[in-house]
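A.B. asks: Handing over protein.txt, compact mmCIF, C-alpha atoms and all ligand atoms.
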# COMPACT_ATOMS: atom_id res chain seq x y z
CA MET A 1 133.09 92.06 113.12
CA PHE A 2 129.42 92.03 112.26
CA ALA A 3 127.60 93.67 109.31
CA ILE A 4 124.15 94.32 107.86
CA TYR A 5 123.34 94.17 104.14
CA PRO A 6 120.14 96.20 103.67
CA GLY A 7 118.00 96.41 100.54
CA SER A 8 114.60 95.92 98.97
CA PHE A 9 115.39 92.48 97.47
CA ASP A 10 112.26 92.49 95.28
CA PRO A 11 113.33 89.73 94.60
CA ILE A 12 116.88 88.69 95.52
CA THR A 13 119.03 88.10 92.40
CA ASN A 14 122.33 86.32 91.76
CA GLY A 15 123.96 89.77 91.88
CA HIS A 16 122.75 90.27 95.46
CA LEU A 17 123.72 86.70 96.31
CA ASP A 18 127.26 87.24 95.02
CA ILE A 19 127.59 90.24 97.38
CA VAL A 20 126.16 88.17 100.27
CA ILE A 21 128.63 85.31 99.71
CA ARG A 22 131.61 87.66 99.51
CA ALA A 23 130.49 89.72 102.54
CA ALA A 24 129.91 86.54 104.57
CA ARG A 25 133.61 85.72 104.01
CA LEU A 26 134.68 89.17 105.25
CA PHE A 27 132.50 89.35 108.35
CA ASP A 28 131.88 86.93 111.23
CA ARG A 29 128.16 87.49 110.93
CA LEU A 30 125.99 89.08 108.24
CA ILE A 31 122.36 90.11 108.71
CA ILE A 32 120.46 90.74 105.48
CA GLY A 33 117.90 93.46 106.19
CA VAL A 34 114.84 93.37 103.97
CA TYR A 35 113.42 96.88 103.89
CA ASP A 36 109.73 96.76 104.68
CA THR A 37 108.60 100.01 103.05
CA PRO A 38 110.98 101.25 100.34
CA ALA A 39 109.88 104.20 98.21
CA LYS A 40 109.33 102.00 95.17
CA HIS A 41 106.61 99.85 93.75
CA LEU A 42 107.07 96.27 94.96
CA LEU A 43 106.02 92.99 93.37
CA PHE A 44 106.51 90.84 96.48
CA THR A 45 105.26 91.33 100.04
CA THR A 46 107.81 91.69 102.82
CA GLU A 47 107.12 88.09 103.97
CA GLU A 48 107.68 86.80 100.43
CA ARG A 49 110.90 88.78 100.00
CA VAL A 50 112.24 87.52 103.35
CA ASP A 51 111.30 83.95 102.40
CA LEU A 52 113.09 84.21 99.03
CA VAL A 53 116.24 85.59 100.69
CA GLU A 54 116.10 82.89 103.40
CA LYS A 55 115.72 80.06 100.90
CA SER A 56 118.55 81.48 98.76
CA THR A 57 121.01 81.84 101.66
CA ALA A 58 120.13 78.80 103.79
CA HIS A 59 123.48 77.18 102.91
CA LEU A 60 125.46 80.09 104.43
CA PRO A 61 125.89 79.43 108.17
CA ASN A 62 126.83 82.97 109.29
CA VAL A 63 124.03 84.70 107.34
CA GLU A 64 120.68 85.69 108.87
CA VAL A 65 117.66 87.44 107.38
CA THR A 66 115.25 89.87 108.97
CA ALA A 67 112.79 92.54 107.85
CA PHE A 68 113.20 96.10 109.10
CA SER A 69 111.19 99.29 108.81
CA GLU A 70 113.24 101.89 110.68
CA LEU A 71 116.10 104.05 109.38
CA VAL A 72 118.93 101.82 108.24
CA VAL A 73 121.32 103.35 110.79
CA ASP A 74 118.84 102.62 113.57
CA PHE A 75 118.42 99.06 112.31
CA ALA A 76 122.23 98.65 112.45
CA ARG A 77 122.30 100.06 115.98
CA LYS A 78 119.43 97.83 117.11
CA VAL A 79 121.10 94.60 115.95
CA GLY A 80 124.56 95.77 117.08
CA ALA A 81 126.29 95.81 113.66
CA GLN A 82 129.49 97.82 113.18
CA ALA A 83 129.34 97.86 109.37
CA MET A 84 126.90 98.08 106.48
CA VAL A 85 127.51 96.36 103.14
CA ARG A 86 126.25 97.66 99.78
CA GLY A 87 126.90 96.55 96.22
CA LEU A 88 128.04 98.93 93.47
CA ARG A 89 127.28 98.23 89.82
CA THR A 90 127.76 101.56 88.08
CA SER A 91 128.72 105.16 88.74
CA THR A 92 125.00 105.83 89.22
CA ASP A 93 125.02 103.41 92.17
CA PHE A 94 128.14 105.16 93.46
CA ASP A 95 126.57 108.64 93.33
CA ARG A 96 123.48 107.41 95.16
CA GLU A 97 125.49 105.51 97.77
CA PHE A 98 127.78 108.49 98.30
CA ASP A 99 124.87 110.80 99.15
CA MET A 100 123.27 108.21 101.42
CA ALA A 101 126.62 107.49 103.08
CA MET A 102 127.11 111.16 103.96
CA MET A 103 123.63 111.31 105.51
CA ASN A 104 124.10 108.00 107.34
CA LYS A 105 127.48 109.12 108.72
CA GLN A 106 125.76 112.19 110.10
CA LEU A 107 123.05 110.06 111.70
CA ASN A 108 125.36 107.35 113.06
CA PRO A 109 129.10 108.17 112.85
CA GLU A 110 130.04 104.77 114.24
CA LEU A 111 128.60 102.74 111.37
CA GLU A 112 131.19 101.94 108.65
CA LEU A 113 130.08 101.53 105.04
CA VAL A 114 131.72 98.75 103.02
CA CYS A 115 130.92 98.78 99.29
CA LEU A 116 131.71 95.74 97.18
CA MET A 117 132.00 96.04 93.41
CA ALA A 118 129.40 93.98 91.55
CA ALA A 119 130.73 90.93 89.72
CA LEU A 120 131.26 91.68 86.03
CA LYS A 121 128.60 89.19 84.96
CA TYR A 122 125.95 90.81 87.18
CA GLN A 123 126.77 94.47 86.45
CA PHE A 124 123.61 94.91 84.38
CA LEU A 125 121.35 92.94 86.71
CA SER A 126 118.69 94.77 88.73
CA SER A 127 115.53 93.43 90.35
CA SER A 128 113.46 95.85 88.25
CA LEU A 129 114.89 94.74 84.87
CA LEU A 130 114.64 91.13 86.01
CA LYS A 131 110.90 91.54 86.75
CA GLU A 132 110.38 93.20 83.39
CA ALA A 133 112.18 90.38 81.56
CA ALA A 134 110.26 87.73 83.52
CA SER A 135 106.90 89.37 82.87
CA LEU A 136 107.61 89.30 79.12
CA GLY A 137 108.50 85.61 79.24
CA GLY A 138 112.31 86.02 79.13
CA ASN A 139 114.61 83.25 80.34
CA ILE A 140 115.78 84.33 83.80
CA ASN A 141 117.31 81.03 84.91
CA ASP A 142 120.91 82.31 85.05
CA LEU A 143 119.97 85.46 86.93
CA VAL A 144 118.30 84.17 90.11
CA PRO A 145 118.41 81.05 92.33
CA GLU A 146 116.14 78.27 91.03
CA TYR A 147 113.54 78.70 93.77
CA VAL A 148 113.30 82.46 93.06
CA ALA A 149 112.87 81.79 89.31
CA THR A 150 109.96 79.43 90.00
CA VAL A 151 108.20 81.81 92.40
CA LEU A 152 108.81 84.83 90.15
CA ARG A 153 107.46 83.07 87.05
CA LYS A 154 104.28 82.13 88.93
CA LYS A 155 103.88 85.65 90.31
CA VAL A 156 104.19 87.44 86.96
CA GLN A 157 101.92 84.90 85.24
CA ARG A 158 99.22 85.69 87.77
CA LYS A 159 99.65 89.43 87.15
CA MET A 160 99.35 89.10 83.37
P1 LIG B 1 117.81 99.29 97.38
O1 LIG B 1 116.36 99.64 97.21
O2 LIG B 1 118.35 99.55 98.75
O3 LIG B 1 118.73 99.80 96.29
P2 LIG B 1 118.15 96.69 96.15
O4 LIG B 1 117.51 95.41 96.53
O5 LIG B 1 117.85 97.23 94.79
O6 LIG B 1 117.78 97.69 97.30
O7 LIG B 1 119.73 96.56 96.28
C1 LIG B 1 120.34 96.28 97.52
C2 LIG B 1 121.84 96.46 97.38
O8 LIG B 1 122.37 95.52 96.45
C3 LIG B 1 122.27 97.83 96.84
O9 LIG B 1 123.50 98.20 97.43
C4 LIG B 1 122.45 97.58 95.36
O10 LIG B 1 123.32 98.50 94.76
C5 LIG B 1 123.04 96.18 95.40
N1 LIG B 1 122.80 95.43 94.15
C6 LIG B 1 121.67 95.34 93.44
N2 LIG B 1 121.83 94.58 92.34
C7 LIG B 1 123.14 94.17 92.36
C8 LIG B 1 123.95 93.38 91.49
N3 LIG B 1 123.47 92.88 90.35
N4 LIG B 1 125.24 93.17 91.83
C9 LIG B 1 125.74 93.72 92.97
N5 LIG B 1 125.04 94.48 93.83
C10 LIG B 1 123.75 94.72 93.54
Would you write out, as structure tokens, the structure that this file holds?
C.D. replies:
Amino acid sequence: MFAIYPGSFDPITNGHLDIVIRAARLFDRLIIGVYDTPAKHLLFTTEERVDLVEKSTAHLPNVEVTAFSELVVDFARKVGAQAMVRGLRTSTDFDREFDMAMMNKQLNPELELVCLMAALKYQFLSSSLLKEAASLGGNINDLVPEYVATVLRKKVQRKM
């Protein structure tokens, strides 16, 4: 069985990575889809976000990374995935996922949604709070892979 894990990944965090590692154990193949044009303000370009995800998952043999710009259900259809993985941190995530899941089921009834609960230690971790902490000089070393921490620090320094 083959799954996609779509998201903005601006940038990838250890919370995302935990979901990737667990999903890669459940599925034969996992394609991480980096959404090209999410309706949010982004710090990193699509190429940068893909690069950060690639570098962070290079040790996982059944994981691939690609950017996408179409509807997520169409992306799944295009690559031939039967399932979509998402991570749930809080009931707010659940409410959002539930609404999106209903719409996605309407658009592509064959695509199954598999939600994995966030690890306890990453429940509070979001890319947006991470960027805020990094831009104010906070220590982010335990929250992202080393390479991401280096690139993120440089990026926010330049913006300040
Ligand atoms: P999106 O814009 O699609 O929400 P994100 O990059 O913010 O993209 O998140 C992608 C997926 O990863 C979502 O399902 C989100 O709930 C999940 N996620 C985000 N942060 C964490 C975390 N710390 N632990 C587990 N899952 C997470």
A.B. asks: Distance limit 6 Å, reference ligand LIG 1 (chain B), atoms considered: all atoms listed in the file. Which residues make the cut? Give them as a ChimeraX atom specification.
C.D. replies: /A:7-9,15-16,19,86-89,93,118,122-123,125-126
A.B. asks: Between A:Gly138, A:Pro11, A:Pro61, A:Pro6, which is the closest to Asp28 of chain A once you count all atoms listed in the file?
C.D. replies: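 Looking only at the distances to Asp28 of chain A, the closest residue turns out to be A:Pro61.
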A.B. asks: Residues within 9 Å of Leu107 of chain A, please, as a PDB file with C-alpha atoms, in the frame of the given file. Count all atoms listed in the file; anything in the same chain fewer than 5 positions from it doesn't count.
C.D. replies:
ATOM      1  CA  VAL A  73     121.320 103.350 110.790  1.00  0.00           C
ATOM      2  CA  ASP A  74     118.840 102.620 113.570  1.00  0.00           C
ATOM      3  CA  MET A 102     127.110 111.160 103.960  1.00  0.00           C
TER       4      MET A 102
END
A.B. asks: Given all atoms listed in the file, how would the per-residue table for segment 37-114 of chain A near segment 139-151 of chain A read, listing every residue at most 9 Å away with its closest atom pair and distance in Å to one decimal, sorted by chain and number, as JSON lines?
C.D. replies:
{"residue": "A:Leu52", "atom": "CA", "partner": "A:Val148", "partner_atom": "CA", "distance": 6.2}
{"residue": "A:Val53", "atom": "CA", "partner": "A:Val148", "partner_atom": "CA", "distance": 8.8}
{"residue": "A:Lys55", "atom": "CA", "partner": "A:Tyr147", "partner_atom": "CA", "distance": 7.6}
{"residue": "A:Ser56", "atom": "CA", "partner": "A:Pro145", "partner_atom": "CA", "distance": 6.4}
A.B. asks: Could those residues be written to a file, using C-alpha atoms, as an mmCIF file, in the coordinates of the input?
C.D. replies:
data_model
loop_
_atom_site.group_PDB
_atom_site.id
_atom_site.type_symbol
_atom_site.label_atom_id
_atom_site.label_comp_id
_atom_site.auth_asym_id
_atom_site.auth_seq_id
_atom_site.Cartn_x
_atom_site.Cartn_y
_atom_site.Cartn_z
ATOM 1 C CA LEU A 52 113.090 84.210 99.030
ATOM 2 C CA VAL A 53 116.240 85.590 100.690
ATOM 3 C CA LYS A 55 115.720 80.060 100.900
ATOM 4 C CA SER A 56 118.550 81.480 98.760
#
A.B. asks: Of the candidates A:Thr37, A:Thr46, A:Asn108, A:Thr13, which one gets nearest to Met84 of chain A if we count all atoms listed in the file?
C.D. replies: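 Nearest candidate to Met84 of chain A out of A:Thr37, A:Thr46, A:Asn108, A:Thr13: A:Asn108.
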A.B. asks: Name the closest residue to Ala134 of chain A among the candidates A:Ala58, A:Phe2, A:Lys121, A:Gln157; distances are taken between atoms, counting all atoms listed in the file.
C.D. replies: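 Among A:Ala58, A:Phe2, A:Lys121, A:Gln157, it is A:Gln157 that comes nearest to Ala134 of chain A.
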A.B. asks: Tell me which protein, DNA and RNA residues are within 12 Å of Arg25 of chain A, counting all atoms listed in the file, leaving out same-chain ones fewer than 2 positions away, and put them as JSON, numbers by chain.
C.D. replies: {"A": [1, 2, 3, 18, 19, 20, 21, 22, 23, 27, 28, 29, 30, 60, 61, 62, 63]}
